[in-house]
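Peer 1: Have a look at the structure that comes next, please.
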Amino acid sequence: MSLIDQYNREIKYLRLSVTDRCDLRCFYCMPKGFDGYEEPEDWLNFDEIERVIASFTRLGVSAVRLTGGEPLLRKDLPVLAQRLSALPGLDDLSLSTNATRLGKHAQALHNAGISRINVSLDTVNPHKFKDITQGKLEKITTGLLQAKAVGLDPIKINMVIMKGVNDNDVEAMVDFCMEHGFTLRFIETMPIGDTGRNALDHYISLDIIEQRLAEKYQLIPAVMSGAGPARYVQVAGTDLKIGFITPISQHFCDTCNRVRLSATGTLYMCLGDEHKYELRHLLREGISDSNLDQVIRDAINLKPLKHEFNEKPEKVVRFMSMTGG
Ligand code: SAM
Ligand code: SF4
């Protein structure tokens, strides 16, 4: 079984948002003081999530990433991870987190079948970290070291690069990742929600960052496991791999293999578009497994050919944390 959209792209990957809440306020993602969250009774419960993911796996999806908001704010997340990792056909269960609570939960997550994680970290300068996120860097480094200690591997660090904010922190991040054996990935800022649009003032193409690094290090092409669109290089003579995720300067829509499920059961076909399909009411009205499979097949055909971040940066009004980043 496979899930093919109308542009002949095979959907193999689902990003599952388990909450729209977050304990940080990265300025490009969520506004300071934001509290317009969804009601928890509208969140899919674990039984409902498991039904939807089981349907996707029947249709050929083999990779699921837990995300949010901050997924570690969802109570009993390791219980959900355990249930999902037991589903036949699901080969790759991973997690995106800000790591504030990773120190506490890393072992349980690993035991539950999560083998690899992505952690957002835009700087290793504590003052700048506070400015960007309103949080404390120390918690993140504690979480990262604990994740490494329990054997989560690889640990990929996602750094959103912003001109005049953290573009000069790239070299320090390279040193940090080299020292700890983490993979470093750079991401271009996207105009998602007003917060993302405000951050566009700081947009910088990753080409410039790559050229700068190439003056200091010898960079050789590399490959890295994972279901995403990053292009990788390796720093010669070291184990450090660096990934470039370039939704703006060089979009990768023609090979897009993913859809996103929000905490409230809305299936979003594209991060940069409003195309969506609501599943929650169908689940609560008792839809059968075979009808659910069919609904998902039909919904996939709503997936647009490409995002329009460059042509229509005003288009996406919801914040990244609502869709599931
Ligand atoms: N809270 C978790 C975290 O921060 O990793 C998971 C959710 S977060 C929304 C997922 C990713 O989206 C993070 O790597 C974050 O940096 C990225 N992100 C959020 N808003 C963005 C924007 N406007 N442009 C580019 N990346 C963004
Ligand atoms: Fe929270 Fe992640 Fe958004 Fe930062 S990027 S505010 S950690 S959801």
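We name chains A, B, ... following the order of the structure tokens; residues begin at 1 in each chain, and ligands are numbered from 1 as shown.
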Could you give me the residues within segment 121-310 of chain A that DSSP places in helix (DSSP H, G or I), as a ChimeraX atom specification?
Peer 2: /A:126-133,137-150,167-180,193-202,206-216,253-255,280-284,289-300
Peer 1: 7 Å from ligand 2 is the threshold here; counting only C-alpha atoms and all ligand atoms, which polymer residues fall inside it? Answer as an MDAnalysis selection string.
Peer 2: chainID A and resid 22:26 29:30 68:70 97:98 120 133 320:321
Peer 1: Any residue with an atom at most 9 Å from ligand 1 counts, using only C-alpha atoms and all ligand atoms. Which are they? Put them as a ChimeraX atom specification.
Peer 2: /A:17,20-24,26-30,66-72,95-99,118-122,157-161,187-200,247,319-325
Peer 1: Per DSSP on the backbone, what are the strand (DSSP E) residues of segment 44-286 of chain A, as JSON, numbers by chain?
Peer 2: {"A": [63, 64, 65, 66, 67, 92, 93, 94, 95, 96, 97, 116, 117, 118, 119, 120, 155, 156, 157, 158, 159, 160, 161, 183, 184, 185, 186, 187, 188, 219, 220, 221, 222, 231, 232, 233, 234, 235, 241, 242, 243, 244, 245, 258, 259, 260, 261, 266, 267, 268, 276, 277, 278]}
Peer 1: Point out the residue among A:Asp169, A:Glu210, A:Glu179, A:Asp92 with the least atom-to-atom distance to Ser225 of chain A, counting only C-alpha atoms.
Peer 2: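 Under the stated criterion, the closest residue is A:Asp92.
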Peer 1: Show which residues sit within 12 Å of Gln294 of chain A, as a PyMOL selection string. Count only C-alpha atoms, and ignore same-chain residues fewer than 4 positions away.
Peer 2: chain A and resi 3+52+55-56+58-59+279+287-290+298-301
Peer 1: For the residues in the current selection, export N, CA and C atoms as an mmCIF file, in the first residue's frame.
Peer 2:
```cif
data_model
loop_
_atom_site.group_PDB
_atom_site.id
_atom_site.type_symbol
_atom_site.label_atom_id
_atom_site.label_comp_id
_atom_site.auth_asym_id
_atom_site.auth_seq_id
_atom_site.Cartn_x
_atom_site.Cartn_y
_atom_site.Cartn_z
ATOM 1 N N LEU A 3 0.708 5.747 -0.317
ATOM 2 C CA LEU A 3 -0.109 6.954 -0.316
ATOM 3 C C LEU A 3 0.546 7.928 -1.293
ATOM 4 N N VAL A 52 -5.345 7.032 14.133
ATOM 5 C CA VAL A 52 -4.943 7.777 12.925
ATOM 6 C C VAL A 52 -3.568 7.294 12.439
ATOM 7 N N SER A 55 -3.766 4.020 10.759
ATOM 8 C CA SER A 55 -4.289 4.151 9.411
ATOM 9 C C SER A 55 -3.175 4.584 8.454
ATOM 10 N N PHE A 56 -2.403 5.580 8.871
ATOM 11 C CA PHE A 56 -1.286 6.032 8.013
ATOM 12 C C PHE A 56 -0.290 4.897 7.763
ATOM 13 N N ARG A 58 -0.926 1.714 7.730
ATOM 14 C CA ARG A 58 -1.542 0.773 6.766
ATOM 15 C C ARG A 58 -1.372 1.296 5.344
ATOM 16 N N LEU A 59 -1.342 2.624 5.212
ATOM 17 C CA LEU A 59 -1.247 3.236 3.883
ATOM 18 C C LEU A 59 0.205 3.458 3.450
ATOM 19 N N LEU A 279 -10.097 15.674 11.029
ATOM 20 C CA LEU A 279 -10.371 14.264 11.308
ATOM 21 C C LEU A 279 -11.079 14.040 12.647
ATOM 22 N N ILE A 287 -16.071 6.636 12.933
ATOM 23 C CA ILE A 287 -15.717 6.202 11.571
ATOM 24 C C ILE A 287 -14.989 4.845 11.621
ATOM 25 N N SER A 288 -15.260 3.996 10.638
ATOM 26 C CA SER A 288 -14.603 2.677 10.610
ATOM 27 C C SER A 288 -13.169 2.826 10.119
ATOM 28 N N ASP A 289 -12.353 1.796 10.359
ATOM 29 C CA ASP A 289 -10.954 1.854 9.910
ATOM 30 C C ASP A 289 -10.871 2.008 8.392
ATOM 31 N N SER A 290 -11.717 1.251 7.679
ATOM 32 C CA SER A 290 -11.591 1.307 6.218
ATOM 33 C C SER A 290 -12.027 2.679 5.684
ATOM 34 N N ASP A 298 -8.187 10.407 0.256
ATOM 35 C CA ASP A 298 -8.803 11.546 -0.439
ATOM 36 C C ASP A 298 -8.144 12.859 -0.015
ATOM 37 N N ALA A 299 -7.895 12.969 1.308
ATOM 38 C CA ALA A 299 -7.337 14.220 1.836
ATOM 39 C C ALA A 299 -5.970 14.513 1.218
ATOM 40 N N ILE A 300 -5.198 13.487 0.989
ATOM 41 C CA ILE A 300 -3.836 13.663 0.463
ATOM 42 C C ILE A 300 -3.855 14.376 -0.893
ATOM 43 N N ASN A 301 -4.950 14.209 -1.602
ATOM 44 C CA ASN A 301 -5.033 14.878 -2.907
ATOM 45 C C ASN A 301 -5.163 16.389 -2.811
#
```
